[in-house]
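Take a look at the structure set out below.
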There are 2 protein chains.
Amino acid sequence: MEQALPGFRDFYPDSCAVRNHLLRNFCRVTRTFGFEEFDGPLLEPLDLFVEKSGEEIISQLFNFTDRGGRAVALRPELTPTLARMIAARASSLKRPIRWCNVGEHFRYERPQKGRLRAFWQMNADLLGEGGVSADAEIIALLVSVFRGVGLGADDFVIRISDRRLWLDFLAWIGLSGEQMPSFLEIIDRFEREGSRELKKKLAELSPNLGPELFAAINDLRQCRTLEDIQNAFGEQNLPRVGDWEKLLQLLDDLRLMPFIQIDLGIVRGLAYYTGFVFEAFERSGQGRALAGGGRYDDLLEKLHKTPLPACGFAIGDVTLGLLLQEKQLIPAYKAAPHVFVIFSDENRKAALSICQDLRDRGISLCYDLRGESSFSKQLKEAGRSGASFALFVGTDELTSGNFTLKNLSSGSMQTLTANELFGAFD
Amino acid sequence: MEQALPGFRDFYPDSCAVRNHLLRNFCRVTRTFGFEEFDGPLLEPLDLFVEKSGEEIISQLFNFTDRGGRAVALRPELTPTLARMIAARASSLKRPIRWCNVGEHFRYERPQKGRLRAFWQMNADLLGEGGVSADAEIIALLVSVFRGVGLGADDFVIRISDRRLWLDFLAWIGLSGEQMPSFLEIIDRFEREGSRELKKKLAELSPNLGPELFAAINDLRQCRTLEDIQNAFGEQNLPRVGDWEKLLQLLDDLRLMPFIQIDLGIVRGLAYYTGFVFEAFERSGQGRALAGGGRYDDLLEKLHKTPLPACGFAIGDVTLGLLLQEKQLIPAYKAAPHVFVIFSDENRKAALSICQDLRDRGISLCYDLRGESSFSKQLKEAGRSGASFALFVGTDELTSGNFTLKNLSSGSMQTLTANELFGAFD
């Protein structure tokens with residue numbers, strides 16, 4: 001009883017401030033890109049998630065039957081809710097739709113470094129525009145969000161790949177549409193689990209061609225430039241080259257190339273991506289992905305018969321928080337009022353009235369609640385509180401209209417009129 | 001599948017903005033009172049809530065057994081988590097402890113006007129200070145939060161009562177400690193359900209004295225001034241009068257009397273209150289409570305053997321949102337970038353670079369993502385976007401270094417250098 005459930009966090013004020021720092025930065029930066037914040041329920045019908053991700057998802061969910069007999073689940077991701085909400089008003093929403101969200105999500109997984117059962121996610125999605133410029137825009141937003149918390153090109157990289165290109169390639173080497181999803185899954189796990197599974201699968205599929213296919217897939221996986229990609233396809237005509245050229249040109253125009261790495265090893269596990277996909281990592285490549293996203297043009301049609309091209313990304317608070325900590329980019333936490341007001345009981349009425357006025361002007365202040373009468377004891381309390389300033393409201397001050405403000409770190413004193421006081425903290 | 005669960009809300013951007021307006025106001029105002037934000041898990045061990053509120057609470061919970069066999073529940077309120085977190089670090093936290101939270105909570109109840117199954121709550125608690133000045137401070141904070149969203153003394157009232165006084169009174173009229181909780185519950189429901197239940201209970205208790213006891217209880221229930229209270233006790237010595245005098249003096253010093261009504265009819269259903277209690281209502285008294293709170297000095301000792309006086313309150317987003325709507329105090333929602341940037345393809349690189357610089361300076365902007373080449377089509381798109389300004393980045397502008405900014409509502413044009421541009425939206 002004395003602690004949170006495994007994989008859940010108690011946010012004491014200092015760690016709550018870190019979380020809020022991430023979330024507020026995201027809200028601030030998305031606003032500069034014209035995104036609107038939305039939110040959906042934390043609890044949704046279980047089917048909403050199954051329809052998108054299949055029955056397999058259930059084993060990772062916090063799901064249960066509610067008192068009304070409904071099969072429900074805590075949301076593991078936002079996209080199904082986003083798709084439902086957009087589809088319900090598709091005809092009336094102004095396009096392109098730029099929506100973002102900060103919210104909590106839940107997965108029943110083994111808690112480990114960088115992965116918890118409850119986590120905050122920052123989602124941004126751009127819907128209604130299928131062109132490459134929308135992909136560039138969403139990648140630009142992701143870079144700006146990271147830059148907003150002080151990360152630079154030395155700290156992180158966005159690895160861009162192309163689900164469409166992979167599908168073209170798998171078709172070219174002779175795989176059927178049905179075979180593709182399981183291949184993409186294996187390629188997705190390649191970096192973590194090595195080549196064994198892929199070799200086995202290829203041997204099953206075609207005992208003779210196995211080694212050649214493996215080499216071809218492995219070549220594409222290792223492409224890091226547009227030229228690499230063209231070479232991997234040999235003489236084969238490659239319809240995606242034009243889109244790649246356009247994307248890279250836009251990213252260059254947006255001055256984003258220092259943050260970008262082409263990396264065909266990324267395919268993203270989720271089945272619904274249809275075009276460019278990307279993942280952000282710490283620059284050295286260590287640790288879990290900081291963010292992931294891509295284009296999913298078919299999802300709204302599949303789920304809600306509402307054809308609408310879309311792309312987006314999600315950033316998790318856990319891995320990003322760990323990276324900022326490591327890079328010493330977490331702002332120091334200061335738990336203190338700005339001003340501590342000191343007064344004697346006889347001047348309480350006048351002093352509290354001034355306190356109310358200062359607070360109405362947005363100034364953070366406290367005063368002694370125990371009714372300490374001596375100024376020196378109150379001043380000690382002011383120091384203990386961590387306040388930056390002590391404001392004295394004594395009989396002399398109230399008579400003269402001049403108030404003494406003491407800087408509690410330097411010890412310097414300042415005399416201010418009431419009006420000056422109200423402006424002193426702007 | 002096409003809608004949220006009953007009692008849960010889809011927050012489209014306009015309603016999300018209303019919710020955020022309430023939550024951000026709360027965060028802003030609590031900061032002026034020196035409060036620190038914290039948060040806890042949305043999912044907690046079921047026992048955490050049962051230990052505080054008894055087995056009866058379970059029927060109102062979203063509770064289930066997780067995959068690890070743990071009995072868990074979505075939090076219906078924040079206080080048990082707060083108590084756990086404070087108790088775990090009681091010796092190291094600087095006192096008084098001023099903590100606040102904005103977070104989602106869940107109750108399985110019949111959804112109706114002003115009451116949903118998922119709701120946001122704004123909690124503030126002041127712990128470690130048992131004196132009346134802490135009660136006054138927490139009431140002052142509540143008033144400031146309401147004033148912060150534009151509500152005035154004509155719009156709301158905080159009704160203050162005293163659980164301690166009620167216990168003194170029930171002891172005086174001869175009830176045992178065991179009998180008191182059920183009486184307080186009946187008195188709590190009196191306003192909604194009338195006197196029948198109370199009369200029945202009193203007749204059971206003491207067939208002869210029933211009517212007299214009822215009259216005495218009803219008298220106290222109707223007290224609206226300190227004098228009323230003193231009269232209700234007749235000659236009886238009343239230890240709480242001193243505390244009441246002190247509280248009212250402090251509230252007057254804080255200029256809060258226009259927002260306050262003594263109302264002994266309030267007792268608060270929850271068993272754990274020990275002193276002053278209060279509820280906020282729309283001034284006419286209609287509708288559900290906007291907020292409720294009070295002193296709970298025994299809870300941390302009872303739950304965690306950590307004696308710590310405490311008082312606090314919670315505001316729900318649903319009733320407060322309805323009141324602001326009724327009073328037309330919801331800020332108009334504007335879903336638009338501030339600036340729409342217009343450029344031709346040949347100047348894309350320079351234009352996108354300027355866009356990045358403007359966004360880095362916090363300016364909200366969009367541009368056409370479809371690659372429209374004509375300025376007039378882009379200008380039309382700018383109008384459709386709802387942007388306040390259109391910024392032209394053409395060859396002339398780039399050559400001369402003078403940029404044209406069009407005010408899209410007035411139609412007026414302005415010519416600015418790049419540097420002026422970067423400062424134009426501050």
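Lettering and numbering for the structure tokens are positional, with chains as A, B, ... in the shown order, residues counted from 1 in each chain, and ligands counted from 1 in the shown order.
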Result of fitting chain B on chain A (Cα atoms paired in order), as a short mmCIF file (atom, residue, chain, number, x, y, z; two decimals) with C-alpha atoms, in the first residue's frame:
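Result file is selection-v9.cif:
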data_model
loop_
_atom_site.label_atom_id
_atom_site.label_comp_id
_atom_site.auth_asym_id
_atom_site.auth_seq_id
_atom_site.Cartn_x
_atom_site.Cartn_y
_atom_site.Cartn_z
CA MET B 1 0.00 0.01 0.02
CA GLU B 2 2.92 2.27 0.59
CA GLN B 3 3.91 2.55 -3.05
CA ALA B 4 2.61 2.90 -6.58
CA LEU B 5 1.91 -0.15 -8.75
CA PRO B 6 4.92 -1.51 -10.68
CA GLY B 7 5.53 0.56 -13.80
CA PHE B 8 3.54 3.53 -12.43
CA ARG B 9 5.09 6.70 -11.10
CA ASP B 10 4.60 9.03 -8.19
CA PHE B 11 5.42 12.47 -9.54
CA TYR B 12 6.80 14.41 -6.59
CA PRO B 13 6.99 18.13 -7.38
CA ASP B 14 10.53 17.94 -8.74
CA SER B 15 9.76 15.07 -11.13
CA CYS B 16 6.35 16.55 -11.95
CA ALA B 17 8.20 19.70 -13.02
CA VAL B 18 10.41 17.64 -15.35
CA ARG B 19 7.37 15.98 -16.91
CA ASN B 20 5.60 19.33 -17.26
CA HIS B 21 8.72 20.86 -18.79
CA LEU B 22 8.54 18.25 -21.59
CA LEU B 23 4.79 18.56 -22.07
CA ARG B 24 4.70 22.36 -22.01
CA ASN B 25 7.59 22.60 -24.46
CA PHE B 26 5.63 20.32 -26.79
CA CYS B 27 2.50 22.47 -26.49
CA ARG B 28 4.49 25.63 -27.07
CA VAL B 29 6.30 24.32 -30.16
CA THR B 30 3.25 22.67 -31.75
CA ARG B 31 1.47 26.03 -31.47
CA THR B 32 4.18 27.64 -33.60
CA PHE B 33 3.31 25.07 -36.27
CA GLY B 34 -0.40 25.89 -36.06
CA PHE B 35 -1.41 22.67 -34.29
CA GLU B 36 -4.53 22.49 -32.13
CA GLU B 37 -4.65 20.45 -28.95
CA PHE B 38 -7.33 17.78 -28.54
CA ASP B 39 -7.88 14.89 -26.16
CA GLY B 40 -9.90 11.73 -25.93
CA PRO B 41 -10.96 9.32 -23.19
CA LEU B 42 -8.33 7.36 -21.27
CA LEU B 43 -10.74 4.44 -21.22
CA GLU B 44 -12.16 3.23 -24.54
CA PRO B 45 -14.12 0.24 -25.82
CA LEU B 46 -11.66 -2.65 -26.21
CA ASP B 47 -12.77 -3.14 -29.82
CA LEU B 48 -11.41 0.27 -30.77
CA PHE B 49 -7.88 -1.00 -30.21
CA VAL B 50 -8.48 -4.53 -31.52
CA GLU B 51 -9.91 -3.23 -34.79
CA LYS B 52 -6.74 -1.30 -35.46
CA SER B 53 -4.09 -3.67 -34.12
CA GLY B 54 -5.66 -7.13 -34.04
CA GLU B 55 -6.34 -9.49 -31.13
CA GLU B 56 -2.61 -9.69 -30.33
CA ILE B 57 -2.77 -6.23 -28.77
CA ILE B 58 -4.99 -7.48 -25.93
CA SER B 59 -2.15 -9.22 -24.10
CA GLN B 60 -0.44 -5.84 -23.70
CA LEU B 61 -3.49 -3.97 -22.44
CA PHE B 62 -5.03 -3.04 -19.15
CA ASN B 63 -8.46 -4.29 -20.16
CA PHE B 64 -11.49 -5.37 -18.16
CA THR B 65 -15.25 -5.56 -18.15
CA ASP B 66 -16.89 -2.52 -16.57
CA ARG B 67 -19.97 -2.58 -14.29
CA GLY B 68 -22.17 -2.14 -17.33
CA GLY B 69 -20.73 -5.27 -18.98
CA ARG B 70 -18.68 -3.36 -21.54
CA ALA B 71 -15.28 -4.69 -22.62
CA VAL B 72 -13.02 -1.67 -22.08
CA ALA B 73 -9.30 -0.89 -22.03
CA LEU B 74 -7.01 1.91 -20.92
CA ARG B 75 -5.66 3.48 -24.09
CA PRO B 76 -2.26 2.08 -25.15
CA GLU B 77 -1.95 4.67 -27.94
CA LEU B 78 -3.85 7.65 -29.25
CA THR B 79 -4.25 6.89 -32.97
CA PRO B 80 -7.48 4.82 -32.77
CA THR B 81 -9.18 7.60 -30.76
CA LEU B 82 -7.83 10.23 -33.15
CA ALA B 83 -9.14 8.25 -36.13
CA ARG B 84 -12.57 7.85 -34.53
CA MET B 85 -12.84 11.54 -33.63
CA ILE B 86 -11.63 12.77 -37.02
CA ALA B 87 -13.89 10.37 -38.91
CA ALA B 88 -16.93 11.50 -36.90
CA ARG B 89 -16.44 15.09 -38.08
CA ALA B 90 -14.45 14.56 -41.26
CA SER B 91 -16.75 16.68 -43.38
CA SER B 92 -16.72 19.74 -41.12
CA LEU B 93 -13.08 19.94 -40.02
CA LYS B 94 -10.94 22.53 -41.77
CA ARG B 95 -8.09 20.87 -43.70
CA PRO B 96 -5.31 20.17 -43.39
CA ILE B 97 -6.11 19.03 -39.87
CA ARG B 98 -3.24 19.70 -37.48
CA TRP B 99 -3.96 18.07 -34.13
CA CYS B 100 -1.76 17.34 -31.16
CA ASN B 101 -2.17 15.87 -27.71
CA VAL B 102 -0.30 15.35 -24.48
CA GLY B 103 -1.78 12.52 -22.50
CA GLU B 104 -1.21 9.43 -20.46
CA HIS B 105 -1.14 5.95 -22.01
CA PHE B 106 -0.92 2.45 -20.58
CA ARG B 107 0.64 -0.84 -21.61
CA TYR B 108 0.90 -3.99 -19.56
CA GLU B 109 4.56 -4.80 -20.25
CA ARG B 110 7.47 -5.77 -18.10
CA PRO B 111 8.73 -2.46 -16.66
CA GLN B 112 12.36 -1.77 -17.54
CA LYS B 113 14.67 1.15 -18.23
CA GLY B 114 12.91 3.59 -20.52
CA ARG B 115 9.69 1.56 -20.56
CA LEU B 116 6.94 1.84 -17.98
CA ARG B 117 3.34 0.69 -17.76
CA ALA B 118 2.00 4.23 -17.60
CA PHE B 119 3.69 6.90 -19.67
CA TRP B 120 2.92 10.30 -21.10
CA GLN B 121 2.98 10.64 -24.82
CA MET B 122 3.15 13.69 -27.06
CA ASN B 123 1.29 13.08 -30.30
CA ALA B 124 1.11 15.26 -33.39
CA ASP B 125 -0.79 14.36 -36.57
CA LEU B 126 -1.33 16.16 -39.84
CA LEU B 127 -4.31 14.84 -41.80
CA GLY B 128 -5.87 15.69 -45.12
CA GLU B 129 -2.66 16.30 -47.04
CA GLY B 130 -0.98 13.39 -48.81
CA GLY B 131 1.98 15.22 -50.36
CA VAL B 132 5.59 14.95 -49.29
CA SER B 133 5.46 18.51 -47.92
CA ALA B 134 3.28 17.22 -45.07
CA ASP B 135 5.88 14.55 -44.24
CA ALA B 136 8.55 17.26 -44.21
CA GLU B 137 6.37 19.47 -42.00
CA ILE B 138 5.78 16.75 -39.42
CA ILE B 139 9.51 15.92 -39.33
CA ALA B 140 10.29 19.64 -38.96
CA LEU B 141 7.90 19.78 -36.01
CA LEU B 142 9.58 16.79 -34.37
CA VAL B 143 13.00 18.41 -34.73
CA SER B 144 11.68 21.69 -33.30
CA VAL B 145 10.20 19.90 -30.29
CA PHE B 146 13.58 18.34 -29.50
CA ARG B 147 15.38 21.62 -30.11
CA GLY B 148 12.87 23.30 -27.81
CA VAL B 149 14.21 21.35 -24.81
CA GLY B 150 17.79 22.19 -25.72
CA LEU B 151 18.78 19.12 -27.75
CA GLY B 152 20.98 19.73 -30.77
CA ALA B 153 22.23 17.80 -33.79
CA ASP B 154 24.96 16.24 -31.63
CA ASP B 155 22.34 14.84 -29.30
CA PHE B 156 19.74 13.18 -31.49
CA VAL B 157 19.11 11.97 -35.01
CA ILE B 158 15.94 11.20 -36.92
CA ARG B 159 16.32 8.09 -39.01
CA ILE B 160 14.03 8.14 -42.02
CA SER B 161 12.94 5.14 -43.99
CA ASP B 162 10.18 4.32 -46.43
CA ARG B 163 7.56 1.64 -45.99
CA ARG B 164 6.36 2.16 -49.57
CA LEU B 165 9.87 1.56 -50.90
CA TRP B 166 10.15 -1.64 -48.87
CA LEU B 167 6.85 -2.89 -50.27
CA ASP B 168 8.00 -2.05 -53.81
CA PHE B 169 11.21 -3.93 -53.11
CA LEU B 170 9.54 -7.01 -51.63
CA ALA B 171 7.22 -7.14 -54.64
CA TRP B 172 10.19 -6.80 -56.96
CA ILE B 173 11.98 -9.74 -55.38
CA GLY B 174 8.81 -11.76 -55.83
CA LEU B 175 7.01 -11.77 -52.49
CA SER B 176 3.24 -11.77 -52.49
CA GLY B 177 1.24 -9.11 -50.66
CA GLU B 178 0.32 -11.66 -48.02
CA GLN B 179 3.94 -12.51 -47.29
CA MET B 180 5.02 -8.90 -46.85
CA PRO B 181 3.79 -8.05 -43.33
CA SER B 182 5.70 -10.90 -41.66
CA PHE B 183 8.83 -9.95 -43.58
CA LEU B 184 8.56 -6.35 -42.52
CA GLU B 185 8.19 -7.52 -38.95
CA ILE B 186 11.37 -9.57 -39.17
CA ILE B 187 13.25 -6.69 -40.76
CA ASP B 188 11.95 -4.45 -37.97
CA ARG B 189 13.43 -6.81 -35.38
CA PHE B 190 16.67 -7.37 -37.35
CA GLU B 191 18.72 -4.80 -35.53
CA ARG B 192 17.75 -6.15 -32.13
CA GLU B 193 17.63 -9.85 -32.87
CA GLY B 194 20.06 -10.40 -35.74
CA SER B 195 19.69 -12.21 -39.03
CA ARG B 196 18.85 -15.75 -37.93
CA GLU B 197 15.09 -15.44 -38.09
CA LEU B 198 15.15 -13.75 -41.46
CA LYS B 199 17.49 -16.40 -42.94
CA LYS B 200 15.21 -19.16 -41.66
CA LYS B 201 12.12 -17.51 -43.10
CA LEU B 202 13.80 -16.99 -46.48
CA ALA B 203 15.01 -20.60 -46.58
CA GLU B 204 11.45 -21.78 -45.93
CA LEU B 205 10.14 -19.56 -48.65
CA SER B 206 12.61 -20.48 -51.33
CA PRO B 207 15.42 -22.90 -50.44
CA ASN B 208 17.44 -22.00 -53.53
CA LEU B 209 17.09 -18.27 -53.61
CA GLY B 210 17.33 -17.82 -49.80
CA PRO B 211 20.92 -16.57 -49.61
CA GLU B 212 20.51 -14.22 -52.56
CA LEU B 213 17.29 -12.77 -51.18
CA PHE B 214 18.91 -12.33 -47.81
CA ALA B 215 21.78 -10.42 -49.36
CA ALA B 216 19.38 -8.20 -51.30
CA ILE B 217 17.26 -7.44 -48.24
CA ASN B 218 20.34 -6.83 -46.15
CA ASP B 219 21.69 -4.44 -48.79
CA LEU B 220 18.51 -2.37 -48.69
CA ARG B 221 18.49 -2.45 -44.90
CA GLN B 222 21.90 -0.86 -44.92
CA CYS B 223 21.12 1.97 -47.32
CA ARG B 224 22.10 5.33 -45.84
CA THR B 225 21.89 7.59 -48.91
CA LEU B 226 19.56 8.04 -51.83
CA GLU B 227 22.36 6.71 -54.06
CA ASP B 228 22.57 3.55 -51.94
CA ILE B 229 18.86 3.05 -52.50
CA GLN B 230 19.14 3.50 -56.25
CA ASN B 231 22.04 1.03 -56.34
CA ALA B 232 20.10 -1.53 -54.33
CA PHE B 233 17.43 -1.61 -57.02
CA GLY B 234 19.98 -1.79 -59.83
CA GLU B 235 18.41 -1.08 -63.20
CA GLN B 236 14.93 -1.38 -61.77
CA ASN B 237 12.75 1.69 -62.24
CA LEU B 238 12.07 3.16 -58.80
CA PRO B 239 8.89 5.21 -58.54
CA ARG B 240 9.72 6.51 -55.04
CA VAL B 241 12.98 8.20 -56.04
CA GLY B 242 11.09 11.36 -56.98
CA ASP B 243 9.39 11.53 -53.59
CA TRP B 244 12.68 10.96 -51.81
CA GLU B 245 14.32 13.75 -53.78
CA LYS B 246 11.47 16.06 -52.93
CA LEU B 247 11.55 15.14 -49.23
CA LEU B 248 15.29 15.62 -48.93
CA GLN B 249 15.06 18.95 -50.75
CA LEU B 250 12.37 20.18 -48.36
CA LEU B 251 14.29 18.99 -45.30
CA ASP B 252 17.34 20.82 -46.62
CA ASP B 253 15.27 23.99 -47.24
CA LEU B 254 14.06 23.70 -43.64
CA ARG B 255 17.72 23.41 -42.53
CA LEU B 256 17.02 20.01 -41.03
CA MET B 257 19.70 17.88 -42.70
CA PRO B 258 22.02 17.98 -39.65
CA PHE B 259 19.27 16.15 -37.73
CA ILE B 260 18.44 13.56 -40.40
CA GLN B 261 19.83 10.18 -41.39
CA ILE B 262 18.41 8.03 -44.15
CA ASP B 263 18.23 4.55 -42.67
CA LEU B 264 16.32 1.85 -44.50
CA GLY B 265 16.87 -0.43 -41.51
CA ILE B 266 13.84 1.28 -39.93
CA VAL B 267 10.51 -0.18 -41.02
CA ARG B 268 8.34 0.40 -37.90
CA GLY B 269 6.60 -2.62 -36.50
CA LEU B 270 3.08 -1.30 -36.82
CA ALA B 271 1.25 -2.60 -39.86
CA TYR B 272 -0.58 0.57 -40.79
CA TYR B 273 2.24 2.73 -42.14
CA THR B 274 2.12 3.34 -45.87
CA GLY B 275 4.93 5.76 -46.75
CA PHE B 276 7.83 7.53 -45.13
CA VAL B 277 8.46 6.33 -41.59
CA PHE B 278 10.95 7.61 -39.02
CA GLU B 279 12.32 7.08 -35.57
CA ALA B 280 14.34 9.44 -33.40
CA PHE B 281 17.28 8.18 -31.39
CA GLU B 282 20.02 9.53 -29.23
CA ARG B 283 22.82 10.36 -31.68
CA SER B 284 25.03 7.44 -30.64
CA GLY B 285 22.13 5.13 -31.39
CA GLN B 286 21.99 3.81 -27.86
CA GLY B 287 18.80 3.43 -25.89
CA ARG B 288 15.22 3.09 -27.00
CA ALA B 289 13.63 5.24 -29.68
CA LEU B 290 12.79 8.74 -28.46
CA ALA B 291 9.95 9.06 -30.94
CA GLY B 292 8.48 7.32 -33.93
CA GLY B 293 6.04 8.08 -36.67
CA GLY B 294 5.24 8.13 -40.33
CA ARG B 295 2.54 8.19 -42.95
CA TYR B 296 -0.62 6.11 -42.58
CA ASP B 297 -2.82 6.98 -45.54
CA ASP B 298 -5.14 3.95 -45.40
CA LEU B 299 -6.05 3.81 -41.72
CA LEU B 300 -9.04 6.14 -41.65
CA GLU B 301 -10.53 4.48 -44.68
CA LYS B 302 -9.95 1.01 -43.26
CA LEU B 303 -11.39 1.80 -39.81
CA HIS B 304 -14.06 4.32 -40.64
CA LYS B 305 -14.55 4.35 -44.42
CA THR B 306 -13.25 7.91 -44.39
CA PRO B 307 -10.41 8.19 -46.90
CA LEU B 308 -7.97 10.73 -45.49
CA PRO B 309 -4.20 10.81 -45.93
CA ALA B 310 -2.35 11.25 -42.66
CA CYS B 311 1.05 11.35 -41.04
CA GLY B 312 2.17 11.89 -37.47
CA PHE B 313 4.45 10.94 -34.63
CA ALA B 314 4.50 10.16 -30.92
CA ILE B 315 7.19 11.06 -28.39
CA GLY B 316 7.33 9.26 -25.05
CA ASP B 317 8.15 11.14 -21.87
CA VAL B 318 10.26 8.38 -20.34
CA THR B 319 13.09 8.02 -22.87
CA LEU B 320 13.16 11.74 -23.60
CA GLY B 321 13.35 12.49 -19.89
CA LEU B 322 16.26 10.08 -19.47
CA LEU B 323 18.14 11.68 -22.37
CA LEU B 324 17.65 15.21 -21.01
CA GLN B 325 18.88 14.03 -17.64
CA GLU B 326 21.98 12.48 -19.20
CA LYS B 327 22.65 15.67 -21.19
CA GLN B 328 22.04 17.79 -18.08
CA LEU B 329 19.27 19.67 -19.83
CA ILE B 330 16.72 19.42 -17.03
CA PRO B 331 16.07 22.91 -15.60
CA ALA B 332 16.92 23.16 -11.91
CA TYR B 333 13.81 22.77 -9.78
CA LYS B 334 13.04 25.65 -7.48
CA ALA B 335 10.24 25.00 -5.01
CA ALA B 336 9.71 28.38 -3.51
CA PRO B 337 7.51 31.43 -3.59
CA HIS B 338 9.12 34.46 -5.17
CA VAL B 339 8.36 36.72 -2.21
CA PHE B 340 7.89 36.09 1.50
CA VAL B 341 5.86 38.85 3.16
CA ILE B 342 6.70 39.78 6.73
CA PHE B 343 4.27 41.66 8.95
CA SER B 344 3.17 41.96 12.56
CA ASP B 345 -0.27 41.05 13.78
CA GLU B 346 -1.35 44.67 14.22
CA ASN B 347 -0.72 45.32 10.51
CA ARG B 348 -2.20 42.05 9.32
CA LYS B 349 -5.21 43.60 7.59
CA ALA B 350 -3.13 46.02 5.53
CA ALA B 351 -0.47 43.40 4.83
CA LEU B 352 -2.91 40.72 3.69
CA SER B 353 -4.60 43.25 1.45
CA ILE B 354 -1.24 43.99 -0.21
CA CYS B 355 -0.63 40.25 -0.52
CA GLN B 356 -3.92 39.82 -2.36
CA ASP B 357 -3.04 42.67 -4.73
CA LEU B 358 0.40 41.23 -5.45
CA ARG B 359 -1.04 37.76 -6.10
CA ASP B 360 -3.66 39.26 -8.39
CA ARG B 361 -0.76 40.64 -10.39
CA GLY B 362 0.69 37.15 -10.74
CA ILE B 363 3.36 37.41 -8.07
CA SER B 364 4.07 34.21 -6.18
CA LEU B 365 4.16 34.87 -2.46
CA CYS B 366 3.78 33.28 0.94
CA TYR B 367 3.75 34.48 4.52
CA ASP B 368 4.02 32.87 7.90
CA LEU B 369 0.87 30.93 8.77
CA ARG B 370 1.75 30.22 12.38
CA GLY B 371 1.31 33.79 13.55
CA GLU B 372 4.95 34.33 14.48
CA SER B 373 5.08 37.83 15.83
CA SER B 374 8.78 38.62 15.64
CA PHE B 375 10.21 39.94 12.39
CA SER B 376 13.43 38.02 12.91
CA LYS B 377 11.60 34.69 13.24
CA GLN B 378 9.56 35.48 10.15
CA LEU B 379 12.74 36.43 8.30
CA LYS B 380 14.22 33.07 9.23
CA GLU B 381 11.07 31.41 7.92
CA ALA B 382 11.45 33.45 4.72
CA GLY B 383 14.95 32.07 4.29
CA ARG B 384 13.79 28.54 4.96
CA SER B 385 11.04 28.92 2.35
CA GLY B 386 13.61 29.53 -0.38
CA ALA B 387 11.94 32.79 -1.44
CA SER B 388 14.02 35.22 -3.48
CA PHE B 389 12.77 38.31 -1.66
CA ALA B 390 11.41 39.29 1.72
CA LEU B 391 8.95 42.15 1.78
CA PHE B 392 8.50 44.02 5.05
CA VAL B 393 5.09 45.51 5.78
CA GLY B 394 5.53 47.21 9.14
CA THR B 395 3.95 50.23 10.76
CA ASP B 396 6.70 52.53 9.43
CA GLU B 397 6.24 51.20 5.92
CA LEU B 398 2.49 51.57 6.04
CA THR B 399 2.77 55.10 7.44
CA SER B 400 5.38 56.29 4.95
CA GLY B 401 4.09 54.25 1.99
CA ASN B 402 7.65 53.07 1.36
CA PHE B 403 8.21 49.35 1.52
CA THR B 404 11.47 47.51 2.09
CA LEU B 405 12.33 44.64 -0.18
CA LYS B 406 15.24 42.44 0.81
CA ASN B 407 17.02 40.27 -1.72
CA LEU B 408 17.50 37.10 0.30
CA SER B 409 20.48 35.79 -1.65
CA SER B 410 22.52 39.02 -1.91
CA GLY B 411 21.16 40.60 1.27
CA SER B 412 20.70 43.94 -0.52
CA MET B 413 17.74 46.12 0.41
CA GLN B 414 15.54 48.29 -1.77
CA THR B 415 12.89 50.86 -0.80
CA LEU B 416 9.82 51.02 -3.01
CA THR B 417 6.49 52.81 -3.05
CA ALA B 418 3.36 50.66 -3.25
CA ASN B 419 3.05 51.35 -6.96
CA GLU B 420 6.68 50.54 -7.60
CA LEU B 421 6.18 47.37 -5.61
CA PHE B 422 3.39 46.18 -7.86
CA GLY B 423 5.66 46.59 -10.86
CA ALA B 424 8.84 45.34 -9.20
CA PHE B 425 8.41 41.69 -10.13
CA ASP B 426 7.31 42.02 -13.77
#
TODO: From the DSSP assignment of the backbone, select every residue of range 40-282 of chain A that is strand (DSSP E or B), and format the answer as JSON, numbers by chain.
DONE: {"A": [43, 44, 45, 63, 64, 65, 71, 72, 73, 74, 97, 98, 99, 100, 101, 102, 103, 104, 105, 106, 112, 115, 118, 119, 120, 121, 122, 123, 124, 125, 126, 127, 156, 157, 158, 159, 160, 161, 162, 260, 261, 262, 276, 277, 278, 279, 280, 281, 282]}
Open item on the list: Using DSSP secondary structure from the backbone, list all helix (DSSP H, G or I) positions within range 65-113 of chain B, as an MDAnalysis selection string.
Closed with: chainID B and resid 79:88
